[in-house]
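Source file entry.txt; content: compact mmCIF, C-alpha atoms.
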```
# COMPACT_ATOMS: atom_id res chain seq x y z
CA HIS A 1 4.64 -32.63 -23.83
CA ARG A 2 5.60 -35.70 -21.79
CA ASN A 3 3.82 -37.93 -24.38
CA ILE A 4 5.60 -36.45 -27.41
CA PRO A 5 8.54 -38.69 -28.44
CA ASP A 6 12.04 -37.47 -29.34
CA ILE A 7 11.62 -33.80 -28.39
CA GLY A 8 15.22 -33.63 -27.23
CA MET A 9 14.53 -32.91 -23.55
CA LYS A 10 13.18 -34.55 -20.43
CA VAL A 11 9.76 -33.23 -19.35
CA LYS A 12 8.21 -34.24 -16.01
CA SER A 13 4.87 -33.40 -14.48
CA LEU A 14 4.78 -32.01 -10.92
CA GLY A 15 1.64 -33.98 -10.15
CA LEU A 16 1.88 -37.09 -12.34
CA SER A 17 5.58 -37.96 -12.48
CA ARG A 18 7.64 -39.75 -9.85
CA TRP A 19 10.35 -37.51 -8.38
CA GLU A 20 13.57 -38.66 -6.75
CA ASP A 21 14.81 -36.88 -3.62
CA GLN A 22 17.83 -35.52 -5.49
CA GLU A 23 15.61 -34.02 -8.20
CA VAL A 24 13.44 -32.26 -5.64
CA LYS A 25 16.52 -30.95 -3.84
CA VAL A 26 17.91 -29.51 -7.09
CA SER A 27 14.58 -27.91 -8.01
CA CYS A 28 14.44 -26.12 -4.67
CA SER A 29 18.06 -24.95 -4.63
CA PRO A 30 18.68 -21.18 -4.82
CA LYS A 31 20.50 -21.56 -8.13
CA SER A 32 17.38 -22.96 -9.80
CA LEU A 33 15.11 -20.04 -8.84
CA LYS A 34 13.95 -17.65 -11.51
CA THR A 35 15.28 -14.09 -11.54
CA GLU A 36 11.91 -12.53 -10.68
CA TYR A 37 12.43 -13.64 -7.07
CA SER A 38 15.62 -11.59 -6.65
CA LEU A 39 13.89 -8.38 -5.59
CA THR A 40 15.03 -6.91 -2.29
CA TYR A 41 12.50 -6.49 0.50
CA ILE A 42 12.99 -3.73 3.06
CA SER A 43 11.69 -4.46 6.53
CA SER A 44 10.20 -1.84 8.81
CA ASN A 45 13.67 -1.43 10.34
CA PRO A 46 16.13 -1.13 7.43
CA ILE A 47 19.12 -0.69 9.72
CA GLY A 48 21.56 -3.56 10.19
CA SER A 49 19.75 -6.79 9.35
CA GLY A 50 16.79 -4.99 7.81
CA PHE A 51 17.55 -6.13 4.27
CA SER A 52 16.62 -9.52 2.91
CA THR A 53 15.49 -11.02 -0.35
CA ILE A 54 11.85 -11.09 -1.34
CA LEU A 55 11.97 -14.85 -0.68
CA ASN A 56 11.71 -14.06 3.02
CA HIS A 57 8.33 -12.49 2.37
CA PHE A 58 6.99 -14.62 -0.46
CA LYS A 59 8.15 -18.22 -0.08
CA CYS A 60 9.59 -20.24 -2.95
CA PHE A 61 6.71 -21.34 -5.14
CA ILE A 62 8.13 -24.87 -5.39
CA CYS A 63 9.27 -25.41 -1.80
CA ALA A 64 6.47 -23.73 0.16
CA LYS A 65 3.16 -25.40 0.85
CA GLU A 66 1.42 -22.03 0.88
CA PRO A 67 2.40 -18.38 0.31
CA LYS A 68 3.23 -16.15 3.24
CA ALA A 69 0.86 -13.47 1.92
CA VAL A 70 -2.08 -13.53 -0.48
CA ILE A 71 -2.89 -10.15 -2.01
CA LYS A 72 -6.29 -9.53 -3.55
CA VAL A 73 -6.18 -7.80 -6.91
CA ASP A 74 -8.91 -5.34 -6.00
CA SER A 75 -6.96 -3.96 -3.01
CA ILE A 76 -3.40 -3.81 -4.33
CA ASN A 77 -1.64 -0.61 -5.31
CA ALA A 78 1.90 0.03 -6.53
CA ALA A 79 3.77 3.33 -6.69
CA PHE A 80 7.36 4.27 -7.50
CA GLN A 81 9.02 5.64 -4.33
CA PRO A 82 12.72 6.33 -5.04
CA GLU A 83 13.10 9.14 -2.49
CA LYS A 84 11.27 7.42 0.37
CA ILE A 85 13.08 4.10 -0.13
CA GLY A 86 16.43 5.72 -0.93
CA ASN A 87 16.92 3.83 -4.18
CA PRO A 88 16.19 5.01 -7.75
CA ASN A 89 14.40 1.71 -8.44
CA GLY A 90 12.20 1.74 -5.34
CA LEU A 91 8.62 0.46 -5.45
CA GLN A 92 5.98 0.58 -2.70
CA ILE A 93 3.21 -2.02 -2.77
CA THR A 94 0.15 -1.57 -0.54
CA TYR A 95 -2.83 -3.82 0.04
CA LEU A 96 -5.54 -4.41 2.63
CA LYS A 97 -4.84 -6.98 5.35
CA ASP A 98 -7.48 -7.49 8.06
CA TYR A 99 -9.04 -4.09 7.29
CA SER A 100 -5.65 -2.33 7.59
CA THR A 101 -3.27 -1.10 4.91
CA ARG A 102 -0.10 -3.20 4.63
CA ASN A 103 3.04 -1.69 3.05
CA ILE A 104 5.83 -3.58 1.30
CA PHE A 105 8.91 -1.67 0.12
CA LEU A 106 10.99 -3.16 -2.69
CA TYR A 107 13.88 -2.27 -4.94
CA HIS A 108 15.96 -3.97 -7.59
CA ASP A 109 19.37 -3.26 -9.07
CA ASN A 110 17.80 -3.40 -12.52
CA GLY A 111 15.27 -0.61 -13.11
CA LYS A 112 13.57 -2.59 -15.90
CA GLU A 113 12.76 -5.37 -13.42
CA ILE A 114 10.86 -2.95 -11.19
CA VAL A 115 9.03 -1.42 -14.15
CA ASP A 116 8.05 -4.91 -15.37
CA TRP A 117 6.59 -5.73 -11.93
CA PHE A 118 4.71 -2.43 -11.91
CA ASN A 119 3.27 -3.02 -15.39
CA SER A 120 2.35 -6.61 -14.51
CA ILE A 121 0.32 -5.44 -11.51
CA ARG A 122 -1.49 -2.92 -13.71
CA ALA A 123 -2.19 -5.56 -16.36
CA ILE A 124 -3.69 -7.91 -13.74
CA GLN A 125 -5.83 -5.09 -12.36
CA LEU A 126 -7.10 -4.16 -15.82
CA HIS A 127 -8.10 -7.77 -16.51
CA TYR A 128 -9.91 -7.93 -13.16
CA LEU A 129 -11.79 -4.68 -13.86
CA LYS A 130 -12.82 -5.81 -17.34
CA VAL A 131 -14.43 -8.87 -15.76
CA ALA A 132 -16.01 -6.85 -12.94
CA PHE A 133 -17.26 -4.07 -15.27
CA PRO A 134 -17.85 -5.71 -18.67
CA GLY A 135 -19.61 -2.65 -20.08
CA ALA A 136 -16.74 -0.23 -19.36
CA ASN A 137 -14.05 0.65 -21.91
CA ASP A 138 -10.31 0.96 -21.25
CA ALA A 139 -10.49 4.76 -20.95
CA GLU A 140 -12.97 4.42 -18.08
CA LEU A 141 -10.99 1.68 -16.34
CA MET A 142 -7.47 3.11 -16.58
CA PRO A 143 -7.97 5.70 -13.79
CA LYS A 144 -8.93 2.82 -11.45
CA LEU A 145 -5.51 1.16 -11.80
CA THR A 146 -2.42 1.87 -9.69
CA ARG A 147 -2.22 5.44 -8.41
CA ASN A 148 0.25 7.77 -6.76
CA PHE A 149 -0.52 9.05 -3.30
CA LEU A 150 -2.12 12.49 -3.29
CA LYS A 151 0.30 13.78 -0.66
CA GLU A 152 2.84 12.57 1.90
CA GLY A 153 4.80 14.33 4.60
CA TYR A 154 5.15 15.08 8.29
CA MET A 155 2.54 16.65 10.55
CA GLU A 156 2.03 16.58 14.30
CA LYS A 157 -1.13 15.07 15.79
CA THR A 158 -2.80 14.61 19.15
CA GLY A 159 -4.97 11.75 20.39
CA PRO A 160 -8.76 11.27 20.29
CA ARG A 161 -9.33 13.05 23.62
CA HIS A 162 -7.34 16.09 22.38
CA THR A 163 -5.54 16.26 25.71
CA GLU A 164 -2.55 14.12 24.71
CA GLY A 165 0.64 15.77 23.55
CA PHE A 166 1.18 16.46 19.85
CA LYS A 167 3.58 13.96 18.27
CA LYS A 168 5.32 14.09 14.91
CA ARG A 169 4.04 11.48 12.47
CA TRP A 170 4.46 10.63 8.78
CA PHE A 171 1.16 11.01 6.89
CA THR A 172 0.03 9.44 3.62
CA LEU A 173 -3.13 10.56 1.82
CA ASP A 174 -4.28 7.73 -0.46
CA HIS A 175 -7.42 9.29 -1.91
CA ARG A 176 -10.00 8.86 0.89
CA ARG A 177 -7.68 7.07 3.33
CA LEU A 178 -5.45 9.25 5.52
CA MET A 179 -2.85 7.09 7.29
CA TYR A 180 -0.18 8.07 9.77
CA TYR A 181 3.02 6.27 10.71
CA LYS A 182 5.81 6.66 13.21
CA ASP A 183 8.31 6.04 10.39
CA PRO A 184 7.79 6.39 6.60
CA LEU A 185 8.88 2.75 6.06
CA ASP A 186 6.58 1.18 8.66
CA ALA A 187 4.69 -1.89 7.46
CA PHE A 188 1.39 -0.83 9.08
CA ALA A 189 -0.08 2.56 9.92
CA LYS A 190 -0.52 3.50 13.57
CA GLY A 191 -3.94 4.85 12.61
CA GLU A 192 -6.20 5.75 9.70
CA ALA A 193 -8.98 8.21 8.96
CA PHE A 194 -11.55 7.87 6.20
CA LEU A 195 -12.52 11.07 4.36
CA GLY A 196 -16.06 10.85 3.02
CA HIS A 197 -18.21 13.45 1.28
CA GLN A 198 -18.87 16.88 2.79
CA ASP A 199 -22.63 16.26 2.82
CA HIS A 200 -22.15 13.33 5.20
CA GLY A 201 -20.46 15.13 8.10
CA TYR A 202 -16.88 15.41 6.84
CA SER A 203 -14.95 18.69 6.82
CA ALA A 204 -11.40 20.08 6.93
CA SER A 205 -10.62 23.58 8.18
CA PRO A 206 -7.60 25.63 9.30
CA GLY A 207 -6.85 26.12 12.98
CA LEU A 208 -7.59 24.16 16.16
CA PRO A 209 -10.66 24.27 18.44
CA ALA A 210 -10.63 26.97 21.08
CA GLY A 211 -8.91 25.87 24.27
CA THR A 212 -6.73 23.23 22.58
CA HIS A 213 -3.40 22.97 24.36
CA CYS A 214 -0.81 22.82 21.59
CA ASN A 215 2.45 21.69 23.15
CA GLY A 216 4.10 20.76 19.85
CA ALA A 217 6.74 22.64 17.94
CA TRP A 218 4.44 23.43 15.01
CA GLN A 219 1.63 25.96 15.25
CA HIS A 220 -0.26 25.85 11.92
CA GLY A 221 -3.30 23.78 12.83
CA ILE A 222 -5.78 21.68 10.85
CA THR A 223 -9.05 20.21 12.13
CA ILE A 224 -10.69 17.32 10.30
CA VAL A 225 -14.21 16.44 11.40
CA THR A 226 -15.76 13.02 10.69
CA PRO A 227 -19.04 11.51 11.96
CA GLU A 228 -17.06 9.48 14.51
CA ARG A 229 -14.49 11.96 15.83
CA SER A 230 -12.32 14.99 15.10
CA PHE A 231 -8.62 14.84 14.19
CA LEU A 232 -6.26 17.67 15.15
CA PHE A 233 -3.00 18.22 13.26
CA THR A 234 -0.31 20.90 13.12
CA CYS A 235 2.03 21.71 10.24
CA GLU A 236 5.52 23.19 10.27
CA THR A 237 4.67 26.04 7.86
CA GLU A 238 1.59 27.82 6.60
CA VAL A 239 2.43 26.69 3.07
CA GLU A 240 2.28 23.03 4.18
CA GLN A 241 -0.95 23.69 6.08
CA GLN A 242 -2.64 25.19 3.02
CA ASP A 243 -1.40 22.39 0.74
CA TRP A 244 -2.76 19.68 3.06
CA LEU A 245 -6.07 21.55 3.37
CA LYS A 246 -6.39 21.82 -0.41
CA HIS A 247 -5.95 18.07 -0.83
CA PHE A 248 -8.33 17.25 2.04
CA ASN A 249 -11.07 19.52 0.70
CA ASP A 250 -10.58 18.33 -2.88
CA VAL A 251 -11.25 14.76 -1.70
CA ILE A 252 -14.18 15.72 0.54
CA SER A 253 -15.88 17.63 -2.30
CA ILE A 254 -15.94 14.58 -4.64
CA GLN A 255 -19.06 12.42 -4.66
CA MET A 256 -18.46 8.92 -3.33
CA SER A 257 -18.68 5.82 -5.50
CA PRO A 258 -20.53 2.64 -4.42
CA GLN A 259 -17.14 1.02 -3.74
CA GLU A 260 -16.19 3.94 -1.48
CA TYR A 261 -19.43 3.61 0.48
CA SER A 262 -18.48 -0.03 1.08
CA MET A 263 -15.01 1.08 2.17
CA GLU A 264 -16.55 3.60 4.57
CA ALA A 265 -18.78 0.90 6.09
CA MET A 266 -15.79 -1.43 6.44
CA PHE A 267 -13.79 1.35 8.09
CA ARG A 268 -16.55 2.07 10.61
CA HIS A 269 -16.83 -1.63 11.38
CA LYS A 270 -13.11 -1.76 12.09
CA HIS A 271 -13.17 1.25 14.40
```
For the file at hand, write its structure as structure tokens.
Amino acid sequence: HRNIPDIGMKVKSLGLSRWEDQEVKVSCSPKSLKTEYSLTYISSNPIGSGFSTILNHFKCFICAKEPKAVIKVDSINAAFQPEKIGNPNGLQITYLKDYSTRNIFLYHDNGKEIVDWFNSIRAIQLHYLKVAFPGANDAELMPKLTRNFLKEGYMEKTGPRHTEGFKKRWFTLDHRRLMYYKDPLDAFAKGEAFLGHQDHGYSASPGLPAGTHCNGAWQHGITIVTPERSFLFTCETEVEQQDWLKHFNDVISIQMSPQEYSMEAMFRHKH
């Protein structure tokens, strides 16, 4: 466009044109930023100074030399979370960072803005999958896009030696990844468990092993066995215990995909 005469506007190239200091300063001013950067980012401690604009997480695309975070398309997920975030336009974005799940919690005053971000992430994922699986049709690829978590809620858990006290934690079941947090809005999980197929040494059953000292307030136990270790949990009610068990066993009964075998290997390497 810079070579087209009389177009009624001044067009300059970022790489080829000469820029004056004043022009650069104007381009980087907050007033010149596009509206898509006005999302609100919630830190892991949303009390007091816990609110800031998304610019504090993703730097201005003009001013910054490099982004603060780079998210791979094949690991990103987005889910609407109005109740957890406490805003009707809340969105939770998760992705893998150094073999761990990273959470980002966002909201916007305009619900359409959040929906547009959600749909954009899905569109990028679909394009990526079409390239990765050229023989698959849209109906086969759609289930591989963004997904809601299978279940979330509080349980109590003990440590790997099963002698530590039971502590209340927030759990998220994201298909085969079971993550637990001290607080629902934590950026990173305190720990994760991978749930593979039942033929490979994975199981979930009610109750706790004989002799387990349960010092917690909740008495409805769950034992998850993996090839590496066993996880002991307790639920507040029997209804919650049975609901968690149903979701665990539904996942464990499903055959694993090649991508999930890779995830399992990555998880074992991490731990």
Around stretch 91-101 of chain A, with edges along x, y and z and 8 Å added on all six sides, what centre and edge lengths do you get, in Å to one decimal, as lines of an AutoDock Vina configuration file?
```
center_x = -0.2
center_y = -3.5
center_z = 1.3
size_x = 33.7
size_y = 24.1
size_z = 29.5
```
* Of the candidates A:Arg102, A:Glu113, A:Pro82, A:Trp244, which shows the shortest atom-to-atom distance to A:Lys190, using all atoms listed in the file? -> A:Arg102
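The two atoms in question, atom CA of A:Asn89 and atom CA of A:Asn103, are spaced 16.5 Å apart.
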* **Sel. within 12 Å of pt (-2.9, 20.2, 5.8), counting only C-alpha atoms, output as a ChimeraX atom specification** => /A:150-157,171-173,178,204-207,219-224,231-250
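From atom CA of A:Phe267 back to atom CA of A:Tyr128, the distance works out to 23.5 Å.
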* To do: Excluding A:Ala78 and residues on its chain fewer than 4 positions from it, collect all residues at most 12 Å away from it, counting all atoms listed in the file, and give them as a ChimeraX atom specification.
  => /A:73,90-95,102-106,114-122,125,145-149,174
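Of the residues listed (A:Lys84, A:Arg169, A:His162, A:Arg177), A:His162 shows the shortest atom-to-atom separation from A:Ala210; distances use only C-alpha atoms.
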* Structure fact -> Min atom-atom distance to A:Phe194 from the set A:Thr163, A:Thr226, A:Ser253, A:Thr101, counting all atoms listed in the file, belongs to A:Thr226
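Among the candidates A:Pro143, A:Gly196, A:Pro88, A:Gly159, the residue lying nearest to A:Asp109 is A:Pro88 (atoms considered: all atoms listed in the file).
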Repair of stretch 192-203 of chain A at the level of all heavy atoms, as an mmCIF file, in the coordinates of the input:
```cif
data_model
loop_
_atom_site.group_PDB
_atom_site.id
_atom_site.type_symbol
_atom_site.label_atom_id
_atom_site.label_comp_id
_atom_site.auth_asym_id
_atom_site.auth_seq_id
_atom_site.Cartn_x
_atom_site.Cartn_y
_atom_site.Cartn_z
ATOM 1 N N GLU A 192 -5.661 5.327 10.993
ATOM 2 C CA GLU A 192 -6.200 5.750 9.700
ATOM 3 C C GLU A 192 -7.466 6.562 9.917
ATOM 4 O O GLU A 192 -8.179 6.373 10.903
ATOM 5 C CB GLU A 192 -6.524 4.547 8.813
ATOM 6 C CG GLU A 192 -5.339 3.641 8.504
ATOM 7 C CD GLU A 192 -5.706 2.524 7.528
ATOM 8 O OE1 GLU A 192 -6.558 2.765 6.650
ATOM 9 O OE2 GLU A 192 -5.153 1.424 7.663
ATOM 10 N N ALA A 193 -7.724 7.452 8.981
ATOM 11 C CA ALA A 193 -8.980 8.210 8.960
ATOM 12 C C ALA A 193 -9.566 8.109 7.565
ATOM 13 O O ALA A 193 -8.836 8.188 6.571
ATOM 14 C CB ALA A 193 -8.744 9.665 9.343
ATOM 15 N N PHE A 194 -10.864 7.924 7.485
ATOM 16 C CA PHE A 194 -11.550 7.870 6.200
ATOM 17 C C PHE A 194 -12.177 9.239 5.939
ATOM 18 O O PHE A 194 -12.830 9.815 6.815
ATOM 19 C CB PHE A 194 -12.636 6.793 6.198
ATOM 20 C CG PHE A 194 -13.357 6.662 4.887
ATOM 21 C CD1 PHE A 194 -12.846 5.869 3.882
ATOM 22 C CD2 PHE A 194 -14.544 7.355 4.657
ATOM 23 C CE1 PHE A 194 -13.505 5.760 2.659
ATOM 24 C CE2 PHE A 194 -15.200 7.248 3.450
ATOM 25 C CZ PHE A 194 -14.686 6.452 2.441
ATOM 26 N N LEU A 195 -11.974 9.764 4.736
ATOM 27 C CA LEU A 195 -12.520 11.070 4.360
ATOM 28 C C LEU A 195 -13.660 10.869 3.375
ATOM 29 O O LEU A 195 -13.447 10.581 2.197
ATOM 30 C CB LEU A 195 -11.421 11.942 3.716
ATOM 31 C CG LEU A 195 -10.169 12.189 4.562
ATOM 32 C CD1 LEU A 195 -9.194 13.098 3.830
ATOM 33 C CD2 LEU A 195 -10.539 12.779 5.921
ATOM 34 N N GLY A 196 -14.885 10.994 3.873
ATOM 35 C CA GLY A 196 -16.060 10.850 3.020
ATOM 36 C C GLY A 196 -16.462 12.157 2.376
ATOM 37 O O GLY A 196 -15.659 13.085 2.260
ATOM 38 N N HIS A 197 -17.726 12.258 1.970
ATOM 39 C CA HIS A 197 -18.210 13.450 1.280
ATOM 40 C C HIS A 197 -18.670 14.505 2.289
ATOM 41 O O HIS A 197 -19.140 14.182 3.388
ATOM 42 C CB HIS A 197 -19.354 13.087 0.334
ATOM 43 C CG HIS A 197 -19.770 14.222 -0.555
ATOM 44 N ND1 HIS A 197 -20.881 14.997 -0.299
ATOM 45 C CD2 HIS A 197 -19.211 14.718 -1.686
ATOM 46 C CE1 HIS A 197 -20.997 15.922 -1.244
ATOM 47 N NE2 HIS A 197 -20.000 15.764 -2.097
ATOM 48 N N GLN A 198 -18.546 15.763 1.898
ATOM 49 C CA GLN A 198 -18.870 16.880 2.790
ATOM 50 C C GLN A 198 -20.338 16.891 3.223
ATOM 51 O O GLN A 198 -20.678 17.421 4.287
ATOM 52 C CB GLN A 198 -18.520 18.200 2.107
ATOM 53 C CG GLN A 198 -19.207 18.403 0.776
ATOM 54 C CD GLN A 198 -18.601 19.544 -0.034
ATOM 55 O OE1 GLN A 198 -17.544 20.068 0.334
ATOM 56 N NE2 GLN A 198 -19.258 19.929 -1.119
ATOM 57 N N ASP A 199 -21.216 16.302 2.436
ATOM 58 C CA ASP A 199 -22.630 16.260 2.820
ATOM 59 C C ASP A 199 -22.926 15.229 3.902
ATOM 60 O O ASP A 199 -24.043 15.174 4.421
ATOM 61 C CB ASP A 199 -23.503 15.949 1.586
ATOM 62 C CG ASP A 199 -23.504 17.094 0.585
ATOM 63 O OD1 ASP A 199 -23.112 18.218 0.966
ATOM 64 O OD2 ASP A 199 -23.882 16.869 -0.578
ATOM 65 N N HIS A 200 -21.939 14.404 4.238
ATOM 66 C CA HIS A 200 -22.150 13.330 5.200
ATOM 67 C C HIS A 200 -21.385 13.561 6.503
ATOM 68 O O HIS A 200 -21.035 12.599 7.206
ATOM 69 C CB HIS A 200 -21.751 11.983 4.594
ATOM 70 C CG HIS A 200 -22.533 11.647 3.367
ATOM 71 N ND1 HIS A 200 -22.018 10.867 2.354
ATOM 72 C CD2 HIS A 200 -23.787 12.005 2.977
ATOM 73 C CE1 HIS A 200 -22.934 10.748 1.393
ATOM 74 N NE2 HIS A 200 -24.006 11.429 1.755
ATOM 75 N N GLY A 201 -21.082 14.823 6.816
ATOM 76 C CA GLY A 201 -20.460 15.130 8.100
ATOM 77 C C GLY A 201 -18.953 15.184 8.097
ATOM 78 O O GLY A 201 -18.334 15.115 9.173
ATOM 79 N N TYR A 202 -18.329 15.312 6.933
ATOM 80 C CA TYR A 202 -16.880 15.410 6.840
ATOM 81 C C TYR A 202 -16.474 16.834 6.476
ATOM 82 O O TYR A 202 -17.084 17.464 5.591
ATOM 83 C CB TYR A 202 -16.329 14.454 5.774
ATOM 84 C CG TYR A 202 -16.541 12.989 6.088
ATOM 85 C CD1 TYR A 202 -17.713 12.343 5.698
ATOM 86 C CD2 TYR A 202 -15.582 12.256 6.768
ATOM 87 C CE1 TYR A 202 -17.924 11.003 5.981
ATOM 88 C CE2 TYR A 202 -15.781 10.911 7.050
ATOM 89 C CZ TYR A 202 -16.952 10.287 6.646
ATOM 90 O OH TYR A 202 -17.144 8.958 6.940
ATOM 91 N N SER A 203 -15.443 17.354 7.126
ATOM 92 C CA SER A 203 -14.950 18.690 6.820
ATOM 93 C C SER A 203 -13.485 18.807 7.217
ATOM 94 O O SER A 203 -12.991 18.054 8.057
ATOM 95 C CB SER A 203 -15.775 19.760 7.546
ATOM 96 O OG SER A 203 -15.582 19.670 8.953
#
```
